[in-house]
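Structure below is protein32.cif: mmCIF, C-alpha atoms.
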```cif
data_final
loop_
_atom_site.label_atom_id
_atom_site.label_comp_id
_atom_site.auth_asym_id
_atom_site.auth_seq_id
_atom_site.Cartn_x
_atom_site.Cartn_y
_atom_site.Cartn_z
CA MET A 1 -19.00 37.89 -114.28
CA LYS A 2 -21.30 40.93 -114.31
CA ASN A 3 -18.51 43.21 -115.58
CA LYS A 4 -17.69 40.76 -118.39
CA ILE A 5 -21.31 40.77 -119.54
CA ILE A 6 -21.43 44.60 -119.57
CA TYR A 7 -18.08 44.75 -121.40
CA GLY A 8 -19.23 42.28 -124.07
CA THR A 9 -22.63 43.96 -124.50
CA VAL A 10 -21.14 47.46 -125.06
CA ASN A 11 -18.62 46.06 -127.58
CA VAL A 12 -21.37 44.33 -129.54
CA LEU A 13 -23.51 47.51 -129.62
CA LEU A 14 -20.61 49.69 -130.79
CA LEU A 15 -19.66 47.20 -133.49
CA ALA A 16 -23.29 46.98 -134.56
CA LEU A 17 -23.46 50.78 -134.79
CA ILE A 18 -20.28 51.00 -136.91
CA THR A 19 -21.36 48.16 -139.19
CA THR A 20 -24.84 49.60 -139.71
CA CYS A 21 -23.52 53.05 -140.48
CA SER A 22 -20.98 51.56 -142.92
CA LEU A 23 -23.61 49.61 -144.85
CA VAL A 24 -26.29 52.30 -144.92
CA ASN A 25 -25.21 55.38 -146.90
CA PHE A 26 -21.50 55.17 -146.00
CA SER A 27 -20.65 58.73 -147.13
CA GLY A 28 -23.32 60.30 -144.95
CA ASN A 29 -22.31 58.35 -141.91
CA PHE A 30 -18.52 58.55 -142.30
CA ILE A 31 -18.14 60.82 -139.27
CA VAL A 32 -20.38 58.54 -137.21
CA VAL A 33 -18.32 55.51 -138.23
CA ILE A 34 -15.04 57.25 -137.29
CA LEU A 35 -16.57 58.42 -134.00
CA GLY A 36 -17.87 54.93 -133.31
CA ALA A 37 -14.44 53.45 -133.99
CA PHE A 38 -12.84 55.92 -131.60
CA LEU A 39 -15.49 55.10 -129.02
CA LEU A 40 -14.87 51.36 -129.50
CA VAL A 41 -11.10 51.75 -129.12
CA GLY A 42 -11.49 54.18 -126.21
CA PHE A 43 -13.98 51.96 -124.45
CA ASN A 44 -11.68 48.94 -124.77
CA ILE A 45 -8.68 50.92 -123.50
CA LEU A 46 -10.73 52.20 -120.55
CA SER A 47 -12.08 48.70 -119.88
CA LEU A 48 -8.59 47.20 -119.93
CA PHE A 49 -7.39 49.93 -117.55
CA LEU A 50 -10.28 49.31 -115.14
CA MET A 51 -9.83 45.55 -115.36
CA LYS A 52 -6.13 45.93 -114.62
CA LYS A 53 -6.89 48.23 -111.68
CA ASN A 54 -9.56 45.84 -110.38
CA LEU A 55 -7.12 42.93 -110.70
CA ALA A 56 -4.49 44.90 -108.78
CA ILE A 57 -7.04 45.58 -106.00
CA LYS A 58 -7.91 41.87 -105.85
CA VAL A 59 -4.22 40.91 -105.74
CA GLU A 60 -3.61 43.44 -102.96
CA LYS A 61 -6.64 42.16 -101.06
CA ALA A 62 -5.47 38.55 -101.49
CA GLU A 63 -1.98 39.48 -100.29
CA LYS A 64 -3.44 41.19 -97.23
CA GLU A 65 -5.65 38.16 -96.54
CA ASN A 66 -2.65 35.84 -96.87
CA LEU A 67 -0.66 38.10 -94.57
CA ARG A 68 -3.54 38.13 -92.08
CA LYS A 69 -3.71 34.33 -92.20
CA SER A 70 0.05 34.11 -91.72
CA ASP A 71 -0.20 36.47 -88.74
CA PHE A 72 -3.05 34.33 -87.42
CA LEU A 73 -1.04 31.11 -87.74
CA PHE A 74 2.03 32.72 -86.22
CA ALA A 75 0.08 34.14 -83.28
CA MET A 76 -1.77 30.87 -82.68
CA SER A 77 1.37 28.75 -83.04
CA HIS A 78 3.15 30.86 -80.44
CA SER A 79 0.16 31.04 -78.10
CA ILE A 80 -0.62 27.31 -78.29
CA ARG A 81 3.00 26.15 -77.99
CA THR A 82 3.49 28.15 -74.78
CA PRO A 83 1.02 26.18 -72.60
CA MET A 84 1.91 22.94 -74.43
CA ASN A 85 5.58 23.47 -73.63
CA ALA A 86 4.69 24.20 -70.00
CA GLY A 87 2.63 21.00 -69.78
CA VAL A 88 5.35 18.83 -71.33
CA GLY A 89 8.08 20.47 -69.22
CA MET A 90 6.18 20.17 -65.95
CA THR A 91 5.38 16.52 -66.71
CA LYS A 92 9.11 15.77 -67.09
CA ILE A 93 9.94 17.60 -63.85
CA ALA A 94 7.22 15.67 -62.00
CA ARG A 95 8.56 12.34 -63.29
CA ASP A 96 12.11 13.30 -62.34
CA HIS A 97 10.95 14.14 -58.78
CA ILE A 98 8.18 11.58 -58.38
CA GLU A 99 9.08 11.00 -54.70
CA ASP A 100 8.87 14.70 -53.81
CA LYS A 101 5.16 15.37 -53.17
CA ASN A 102 5.54 19.16 -53.03
CA ILE A 103 7.29 19.36 -56.40
CA VAL A 104 4.80 16.97 -58.02
CA ASN A 105 1.81 18.94 -56.65
CA ASP A 106 3.32 22.19 -57.92
CA CYS A 107 3.87 20.63 -61.36
CA LEU A 108 0.31 19.30 -61.45
CA ARG A 109 -1.05 22.74 -60.56
CA LYS A 110 0.92 24.32 -63.40
CA ILE A 111 -0.12 21.58 -65.85
CA ASP A 112 -3.75 22.26 -64.89
CA LEU A 113 -3.31 26.01 -65.50
CA SER A 114 -1.61 25.32 -68.84
CA GLY A 115 -4.43 22.99 -69.86
CA ARG A 116 -7.05 25.59 -69.00
CA ASN A 117 -5.15 28.20 -70.98
CA LEU A 118 -4.97 25.87 -73.97
CA VAL A 119 -8.73 25.21 -73.82
CA SER A 120 -9.35 28.96 -73.65
CA LEU A 121 -7.16 29.53 -76.72
CA VAL A 122 -8.96 26.86 -78.75
CA ASN A 123 -12.35 28.30 -77.75
CA ASP A 124 -11.19 31.78 -78.79
CA ILE A 125 -10.11 30.52 -82.22
CA ILE A 126 -13.42 28.73 -82.78
CA ASP A 127 -15.48 31.67 -81.50
CA PHE A 128 -13.61 34.22 -83.62
CA SER A 129 -13.99 32.08 -86.75
CA LYS A 130 -17.74 31.73 -86.14
CA VAL A 131 -18.20 35.44 -85.45
CA GLU A 132 -16.31 36.37 -88.64
CA LYS A 133 -18.49 34.04 -90.73
CA GLY A 134 -21.69 35.29 -89.07
CA LYS A 135 -22.52 31.84 -87.69
CA TYR A 136 -23.04 32.87 -84.09
CA GLN A 137 -26.52 32.12 -82.82
CA LEU A 138 -27.91 33.95 -79.82
CA SER A 139 -30.03 32.07 -77.28
CA ASN A 140 -32.00 34.42 -75.04
CA SER A 141 -33.45 33.33 -71.71
CA VAL A 142 -34.59 34.76 -68.37
CA PHE A 143 -31.92 34.61 -65.66
CA SER A 144 -30.94 36.16 -62.33
CA ILE A 145 -28.22 38.81 -62.14
CA GLU A 146 -27.32 37.71 -58.62
CA GLU A 147 -26.94 34.10 -59.75
CA GLN A 148 -25.00 35.26 -62.78
CA LEU A 149 -22.47 37.08 -60.60
CA GLU A 150 -22.22 34.07 -58.28
CA TYR A 151 -21.39 31.96 -61.32
CA ILE A 152 -18.75 34.45 -62.45
CA LYS A 153 -17.18 34.46 -58.97
CA MET A 154 -17.09 30.68 -59.04
CA ILE A 155 -15.41 30.56 -62.46
CA LEU A 156 -12.84 33.17 -61.43
CA GLY A 157 -11.89 30.97 -58.49
CA ASN A 158 -9.24 32.16 -56.03
CA GLY A 159 -6.32 32.61 -58.43
CA PHE A 160 -6.43 36.39 -58.26
CA GLU A 161 -6.19 36.31 -54.46
CA GLU A 162 -2.74 34.72 -54.77
CA LYS A 163 -1.69 37.89 -56.62
CA GLY A 164 -3.11 40.04 -53.82
CA ILE A 165 -5.83 41.39 -56.11
CA LYS A 166 -9.27 42.15 -54.70
CA VAL A 167 -12.38 41.72 -56.88
CA THR A 168 -15.63 43.34 -55.72
CA PHE A 169 -19.19 43.25 -57.10
CA ASP A 170 -21.80 45.97 -56.52
CA THR A 171 -25.47 45.50 -57.49
CA THR A 172 -26.96 48.27 -55.35
CA LYS A 173 -27.92 50.21 -58.51
CA ALA A 174 -29.77 47.25 -60.04
CA LYS A 175 -33.49 47.31 -59.23
CA TYR A 176 -34.52 44.15 -61.09
CA ASP A 177 -32.88 40.77 -60.63
CA SER A 178 -34.45 38.82 -63.50
CA ILE A 179 -33.62 39.92 -67.04
CA PHE A 180 -33.99 38.50 -70.54
CA THR A 181 -30.98 38.24 -72.87
CA ASP A 182 -28.28 35.73 -73.88
CA GLU A 183 -26.75 34.82 -70.50
CA LEU A 184 -24.04 32.57 -71.97
CA ARG A 185 -22.66 35.27 -74.29
CA LEU A 186 -22.99 37.99 -71.66
CA ASN A 187 -21.02 35.85 -69.19
CA GLN A 188 -18.37 35.28 -71.86
CA ILE A 189 -18.04 39.04 -72.39
CA LEU A 190 -17.85 39.84 -68.69
CA LEU A 191 -15.36 37.07 -67.90
CA THR A 192 -13.07 38.24 -70.72
CA ILE A 193 -13.03 41.82 -69.43
CA ILE A 194 -12.72 40.86 -65.75
CA ASN A 195 -9.92 38.37 -66.44
CA ASN A 196 -8.06 41.04 -68.41
CA ALA A 197 -8.52 43.47 -65.51
CA ILE A 198 -6.95 40.86 -63.22
CA ASP A 199 -4.14 39.83 -65.58
CA TYR A 200 -3.05 43.40 -66.35
CA ASN A 201 -3.38 44.65 -62.78
CA ARG A 202 -0.65 45.46 -60.31
CA LYS A 203 0.05 43.51 -57.14
CA ASP A 204 -2.46 44.35 -54.39
CA GLY A 205 -4.65 45.93 -57.05
CA LEU A 206 -8.44 46.26 -57.23
CA VAL A 207 -11.06 45.20 -59.76
CA ASN A 208 -14.56 46.58 -59.23
CA VAL A 209 -17.66 45.37 -61.09
CA VAL A 210 -20.71 47.63 -60.80
CA VAL A 211 -24.10 46.60 -62.21
CA GLU A 212 -26.59 49.36 -62.91
CA GLU A 213 -30.05 49.47 -64.48
CA ILE A 214 -31.21 52.69 -66.10
CA GLU A 215 -34.89 53.25 -66.81
CA ILE A 216 -35.84 53.86 -70.47
CA PRO A 217 -38.44 56.61 -70.98
CA ASN A 218 -41.87 55.27 -72.02
CA ARG A 219 -40.64 51.63 -71.74
CA GLU A 220 -41.78 49.86 -68.57
CA ASP A 221 -40.74 46.44 -69.88
CA LYS A 222 -37.10 47.29 -70.62
CA VAL A 223 -34.04 48.85 -68.99
CA ASP A 224 -30.50 49.69 -70.02
CA LEU A 225 -28.35 47.11 -68.23
CA VAL A 226 -24.88 48.56 -67.58
CA TYR A 227 -21.77 46.75 -66.35
CA LYS A 228 -18.80 48.93 -65.36
CA ILE A 229 -15.56 47.01 -64.83
CA SER A 230 -12.78 49.22 -63.47
CA ASP A 231 -9.29 48.33 -62.31
CA THR A 232 -6.18 49.88 -60.81
CA GLY A 233 -3.92 48.21 -63.38
CA ILE A 234 -1.22 49.35 -65.77
CA GLY A 235 -3.60 51.25 -68.05
CA MET A 236 -3.36 51.74 -71.82
CA SER A 237 -2.12 54.40 -74.21
CA LYS A 238 -4.56 56.35 -76.41
CA GLU A 239 -2.96 54.79 -79.49
CA PHE A 240 -3.67 51.28 -78.21
CA ILE A 241 -7.24 52.09 -77.13
CA ALA A 242 -7.96 53.05 -80.77
CA ARG A 243 -7.21 49.46 -81.87
CA ILE A 244 -8.03 47.52 -78.71
CA PHE A 245 -10.84 45.56 -80.38
CA ASP A 246 -8.71 44.51 -83.36
CA PRO A 247 -7.75 40.79 -83.42
CA TYR A 248 -4.44 39.91 -81.73
CA SER A 249 -4.03 43.42 -80.30
CA ARG A 250 -1.72 43.65 -77.29
CA GLU A 251 0.15 46.67 -76.02
CA VAL A 252 3.92 46.51 -76.58
CA ASP A 253 4.97 46.55 -72.94
CA THR A 254 7.47 44.40 -71.03
CA ARG A 255 5.04 44.37 -68.09
CA ILE A 256 2.55 42.21 -70.00
CA ASP A 257 4.89 39.79 -71.76
CA ARG A 258 4.15 37.29 -68.99
CA VAL A 259 0.41 37.29 -69.79
CA ASN A 260 -0.72 34.41 -72.01
CA GLY A 261 -3.63 34.82 -74.41
CA SER A 262 -4.79 34.68 -78.00
CA GLY A 263 -5.36 38.42 -78.38
CA LEU A 264 -8.86 37.57 -79.63
CA GLY A 265 -10.87 37.95 -76.42
CA LEU A 266 -11.83 41.61 -76.74
CA ALA A 267 -12.37 41.32 -80.52
CA ILE A 268 -14.84 38.49 -79.86
CA SER A 269 -16.47 40.44 -77.02
CA LYS A 270 -16.97 43.50 -79.24
CA ASN A 271 -18.61 41.37 -81.94
CA LEU A 272 -20.87 39.65 -79.39
CA ILE A 273 -21.91 43.00 -77.91
CA ASP A 274 -22.76 44.19 -81.44
CA LEU A 275 -24.86 41.04 -81.95
CA LEU A 276 -26.67 41.74 -78.68
CA GLY A 277 -27.37 45.29 -79.86
CA GLY A 278 -25.23 46.87 -77.14
CA THR A 279 -22.22 49.13 -76.83
CA ILE A 280 -18.83 49.02 -75.12
CA GLU A 281 -16.71 52.01 -74.12
CA VAL A 282 -13.16 52.17 -72.79
CA LYS A 283 -11.47 54.77 -70.61
CA SER A 284 -7.87 54.33 -69.56
CA GLU A 285 -4.75 56.14 -68.48
CA VAL A 286 -1.27 54.67 -68.45
CA GLY A 287 -0.28 53.74 -64.92
CA LYS A 288 -3.70 54.52 -63.44
CA GLY A 289 -5.97 51.75 -64.66
CA SER A 290 -8.88 51.22 -67.03
CA GLU A 291 -12.67 51.20 -67.08
CA PHE A 292 -14.84 49.20 -69.50
CA THR A 293 -18.55 50.02 -69.76
CA VAL A 294 -20.87 47.47 -71.38
CA LYS A 295 -24.42 48.66 -72.05
CA LEU A 296 -27.32 46.50 -73.26
CA GLU A 297 -31.04 47.15 -73.66
CA VAL A 298 -32.77 44.16 -72.03
CA GLU A 299 -36.26 43.04 -71.10
CA ILE A 300 -37.15 42.93 -67.40
CA GLY A 301 -37.94 39.55 -65.86
CA GLY A 302 -39.92 41.18 -63.05
CA ASN A 303 -38.37 40.01 -59.79
CA VAL A 304 -36.77 42.45 -57.35
CA ILE A 305 -33.28 41.63 -56.07
CA HIS A 306 -33.05 40.10 -52.61
CA LYS A 307 -29.83 41.43 -51.09
CA GLU A 308 -27.43 40.01 -48.50
CA GLU A 309 -28.51 36.40 -48.75
CA GLU A 310 -26.34 34.02 -46.76
CA LYS A 311 -24.20 31.67 -48.83
CA ASP A 312 -24.84 27.97 -48.42
CA THR A 313 -21.92 25.74 -47.67
CA ILE A 314 -21.50 22.83 -50.06
CA LYS A 315 -23.00 19.69 -48.53
CA PHE A 316 -23.70 16.62 -50.61
CA LYS A 317 -25.19 14.03 -48.29
CA ASN A 318 -27.04 11.17 -49.99
CA MET A 319 -26.16 12.63 -53.38
CA HIS A 320 -26.42 9.80 -55.91
CA ILE A 321 -26.17 10.48 -59.64
CA LEU A 322 -26.02 8.55 -62.91
CA ALA A 323 -23.04 9.18 -65.18
CA VAL A 324 -23.58 8.22 -68.82
CA GLU A 325 -20.12 8.06 -70.41
CA ASP A 326 -18.67 5.63 -72.96
CA ASN A 327 -15.05 6.61 -72.31
CA GLU A 328 -13.67 4.74 -69.32
CA LEU A 329 -10.94 7.30 -68.59
CA ASN A 330 -13.44 10.18 -68.63
CA TYR A 331 -15.66 8.27 -66.21
CA GLU A 332 -12.72 7.53 -63.91
CA ILE A 333 -11.80 11.23 -63.77
CA LEU A 334 -15.42 12.17 -63.09
CA SER A 335 -16.06 9.57 -60.39
CA LYS A 336 -12.79 10.04 -58.50
CA THR A 337 -13.18 13.81 -58.49
CA LEU A 338 -16.80 13.85 -57.31
CA GLU A 339 -16.38 11.17 -54.65
CA GLN A 340 -14.24 13.71 -52.77
CA TYR A 341 -17.48 15.66 -52.23
CA GLY A 342 -19.30 12.60 -50.87
CA ILE A 343 -21.08 11.99 -54.17
CA THR A 344 -21.79 8.43 -55.29
CA MET A 345 -22.68 7.41 -58.82
CA ASP A 346 -23.68 4.60 -61.10
CA HIS A 347 -22.22 4.20 -64.57
CA ALA A 348 -23.95 3.67 -67.90
CA GLU A 349 -21.67 3.04 -70.87
CA ASN A 350 -24.10 4.33 -73.51
CA GLY A 351 -27.50 5.90 -73.97
CA GLU A 352 -29.29 2.59 -74.38
CA GLN A 353 -27.96 1.35 -71.04
CA ALA A 354 -28.93 4.66 -69.40
CA VAL A 355 -32.54 4.30 -70.56
CA GLU A 356 -32.64 0.71 -69.22
CA ILE A 357 -31.28 1.82 -65.81
CA MET A 358 -33.77 4.68 -65.56
CA SER A 359 -36.65 2.39 -66.62
CA ASN A 360 -36.00 0.33 -63.48
CA ALA A 361 -35.12 3.24 -61.20
CA LYS A 362 -37.20 4.43 -58.27
CA PRO A 363 -38.32 8.07 -57.94
CA ASN A 364 -35.47 10.25 -56.59
CA GLN A 365 -33.01 7.34 -56.82
CA TYR A 366 -30.83 9.64 -58.90
CA LYS A 367 -30.67 13.35 -58.10
CA LEU A 368 -29.48 14.06 -61.63
CA ILE A 369 -27.96 12.53 -64.76
CA LEU A 370 -24.70 13.67 -66.39
CA MET A 371 -25.12 12.66 -70.03
CA ASP A 372 -22.44 12.37 -72.70
CA ILE A 373 -23.67 13.00 -76.27
CA GLU A 374 -21.53 11.09 -78.77
CA MET A 375 -21.97 7.44 -77.74
CA PRO A 376 -22.49 4.08 -79.50
CA LYS A 377 -25.89 2.36 -79.75
CA MET A 378 -27.81 5.47 -78.59
CA ASN A 379 -26.53 9.04 -78.29
CA GLY A 380 -27.28 11.43 -75.45
CA TYR A 381 -30.07 13.30 -77.22
CA GLU A 382 -31.92 10.08 -78.08
CA ALA A 383 -31.45 8.74 -74.54
CA THR A 384 -32.80 11.95 -73.01
CA ARG A 385 -35.90 11.88 -75.22
CA ALA A 386 -36.49 8.24 -74.26
CA ILE A 387 -36.11 8.97 -70.53
CA ARG A 388 -38.54 11.88 -70.76
CA LYS A 389 -41.15 9.46 -72.16
CA LEU A 390 -40.89 6.93 -69.31
CA ALA A 391 -44.16 5.95 -67.63
CA ASN A 392 -43.04 7.03 -64.15
CA ALA A 393 -43.38 10.81 -64.25
CA LYS A 394 -40.97 11.46 -61.36
CA VAL A 395 -38.25 9.32 -62.91
CA ALA A 396 -38.90 10.86 -66.32
CA SER A 397 -38.39 14.35 -64.88
CA THR A 398 -34.96 13.62 -63.36
CA PRO A 399 -32.65 16.57 -64.16
CA ILE A 400 -30.34 15.75 -67.11
CA TYR A 401 -27.24 17.78 -67.99
CA ALA A 402 -25.14 17.29 -71.09
CA LEU A 403 -21.48 16.65 -70.28
CA THR A 404 -19.92 16.71 -73.72
CA ALA A 405 -17.17 17.87 -76.06
CA ASP A 406 -19.91 19.26 -78.34
CA ALA A 407 -19.53 22.82 -77.10
CA PHE A 408 -21.05 25.09 -79.76
CA SER A 409 -24.16 27.19 -79.26
CA GLU A 410 -26.01 24.86 -81.66
CA ASP A 411 -25.13 21.95 -79.35
CA ILE A 412 -26.52 23.81 -76.34
CA LYS A 413 -29.71 24.44 -78.32
CA LYS A 414 -29.93 20.73 -79.30
CA ALA A 415 -29.52 19.72 -75.66
CA LYS A 416 -32.38 21.98 -74.63
CA GLU A 417 -34.60 20.76 -77.48
CA ALA A 418 -33.93 17.14 -76.45
CA GLY A 419 -35.24 17.90 -72.95
CA MET A 420 -32.01 18.48 -71.06
CA ASN A 421 -31.81 20.94 -68.17
CA GLY A 422 -28.38 22.32 -69.03
CA HIS A 423 -25.05 21.88 -70.79
CA ILE A 424 -21.46 21.51 -69.52
CA SER A 425 -18.67 21.34 -72.07
CA LYS A 426 -15.49 19.26 -72.00
CA PRO A 427 -12.72 19.50 -70.92
CA VAL A 428 -14.73 19.45 -67.71
CA ASP A 429 -14.66 22.49 -65.46
CA PHE A 430 -15.54 20.86 -62.13
CA ASN A 431 -16.55 24.23 -60.68
CA LYS A 432 -19.45 24.16 -63.13
CA VAL A 433 -20.26 20.54 -62.32
CA ILE A 434 -20.33 21.29 -58.57
CA ALA A 435 -22.54 24.33 -59.22
CA VAL A 436 -25.02 22.11 -61.11
CA ILE A 437 -24.95 19.45 -58.38
CA LYS A 438 -25.44 22.10 -55.71
CA LYS A 439 -28.46 23.40 -57.62
CA ASN A 440 -30.03 19.93 -57.68
CA LYS A 441 -29.10 18.56 -54.26
#
```

Take the structure I supplied and represent it as structure tokens, if you would.
Amino acid sequence: MKNKIIYGTVNVLLLALITTCSLVNFSGNFIVVILGAFLLVGFNILSLFLMKKNLAIKVEKAEKENLRKSDFLFAMSHSIRTPMNAGVGMTKIARDHIEDKNIVNDCLRKIDLSGRNLVSLVNDIIDFSKVEKGKYQLSNSVFSIEEQLEYIKMILGNGFEEKGIKVTFDTTKAKYDSIFTDELRLNQILLTIINNAIDYNRKDGLVNVVVEEIEIPNREDKVDLVYKISDTGIGMSKEFIARIFDPYSREVDTRIDRVNGSGLGLAISKNLIDLLGGTIEVKSEVGKGSEFTVKLEVEIGGNVIHKEEEKDTIKFKNMHILAVEDNELNYEILSKTLEQYGITMDHAENGEQAVEIMSNAKPNQYKLILMDIEMPKMNGYEATRAIRKLANAKVASTPIYALTADAFSEDIKKAKEAGMNGHISKPVDFNKVIAVIKKNK
């Protein structure tokens, strides 16, 4: 639009100049008129050339964008169909061998892994889209590095041990335990890198995570927080390292064809690190492993790390909770899973019913509330606000955690603003649920 205005304006001025010179003393301005005409013709030829060139650039850009979208759809179609095919195939095998408990258990385990992989792929697609459009919102808070690493260990589970891989964590170079940054995004970054180090490792390999804090001159309130994740895996070529943070990048190597993934994890991690104002460096050698170094400038929370604390065993005696869930199947899954840990629960089918139950509850009757968000009559946010306003202060302060399919950072922020203590997204990762219950036992 701007170019069209400039083009039209110059044409009008040149025509005005030629017309004026023609009307006022034509013989004296003949050369000016001729020159003006040449300028008018030359300007239009140049404008048409530039417009044609600009159009060609736009066409080329559009073609590249269409090609990128086609590559995206192709990559996602392949990545999503793989776990879907595994889930459908394993379901058929389980049905065909319903009397064989070992085969059915093996199929269920593989269906669970496929489901988790599918959830991860969908999250990657959503995250990448939001990062590209600049819609990511950071949510900084004070948290413990030790607790953060415990959470990461819990999420990793024991799958890597089946491959003979050892994962170690070293915090001896971290002076301060409490720091201030976006814990959720930092965990996402670390889990992506650590999971890659496991997936692309060799059998009986090692993954080592070292946390270090480096003092910043003349800044007593901040440190450089450094995470070094090294592995003894297959390594990467220099050519691949140069494009490792590009979307869908994966080394062409028969050794990694078995690894499922969107190819977006490191691209998302790089963008998140940029948003956090940090840096990431990669060192690798084919056949000898890789090392990723993530560095962030963070504020100090002030507490010194307490090392070598004994781990508590999970014990849930007299653990009674309220589950607010309008979907009967979701409640059945939740209740039958948690009852294995000795946990009992009451059920509210919507937010309105939850408020009524809590209005008549005794202090400490419920250790915590797991609250769905999208429900009829009264949603989870409204129910939480109503519970927080109850006359009985102890009942009103009962811990409430969102358990919802609303999994964006805005949803986490809404949960906090409504008065909730935390957020767990669906599909439910029961490791996270157990961690929350353990925290509130």

Protein and nucleic acid residues near (-22.6, 39.9, -78.6) (cut-off 12 Å, all atoms listed in the file) as number ranges by chain: A: 127-128, 131, 134, 136-140, 181-190, 266-280, 294-296

For A:Lys228, the nearest of the candidates A:Val282, A:Ala354, A:Met84, A:Ala323, counting only C-alpha atoms: A:Val282

Polymer residues at most 9 Å from A:Ile155, all atoms listed in the file, same-chain spacing of 2 or more positions, as a list in words: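 Close residues of A:Ile155: Glu150, Tyr151, Ile152, Lys153, Gly157, Leu191, Asp429, Asn431 and Lys432 of chain A.
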
Restricting it to C-alpha atoms, dump the selection as a PDB file, keeping the file's coordinate frame.
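File produced: again14.pdb:
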```
ATOM      1  CA  GLU A 150     -22.220  34.070 -58.280  1.00  0.00           C
ATOM      2  CA  TYR A 151     -21.390  31.960 -61.320  1.00  0.00           C
ATOM      3  CA  ILE A 152     -18.750  34.450 -62.450  1.00  0.00           C
ATOM      4  CA  LYS A 153     -17.180  34.460 -58.970  1.00  0.00           C
ATOM      5  CA  GLY A 157     -11.890  30.970 -58.490  1.00  0.00           C
ATOM      6  CA  LEU A 191     -15.360  37.070 -67.900  1.00  0.00           C
ATOM      7  CA  ASP A 429     -14.660  22.490 -65.460  1.00  0.00           C
ATOM      8  CA  ASN A 431     -16.550  24.230 -60.680  1.00  0.00           C
ATOM      9  CA  LYS A 432     -19.450  24.160 -63.130  1.00  0.00           C
TER      10      LYS A 432
END
```

Top pick for closest residue to A:Met420, considering A:Val433, A:Val223, A:Ala396, A:Leu338 and counting only C-alpha atoms: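 So, comparing all the options, the nearest one is A:Ala396.
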
Given only C-alpha atoms as the counted atoms, nearest of A:Val59, A:Ile98, A:Leu370, A:Val119 to A:His347: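 For A:His347, the nearest of the given residues is A:Leu370.
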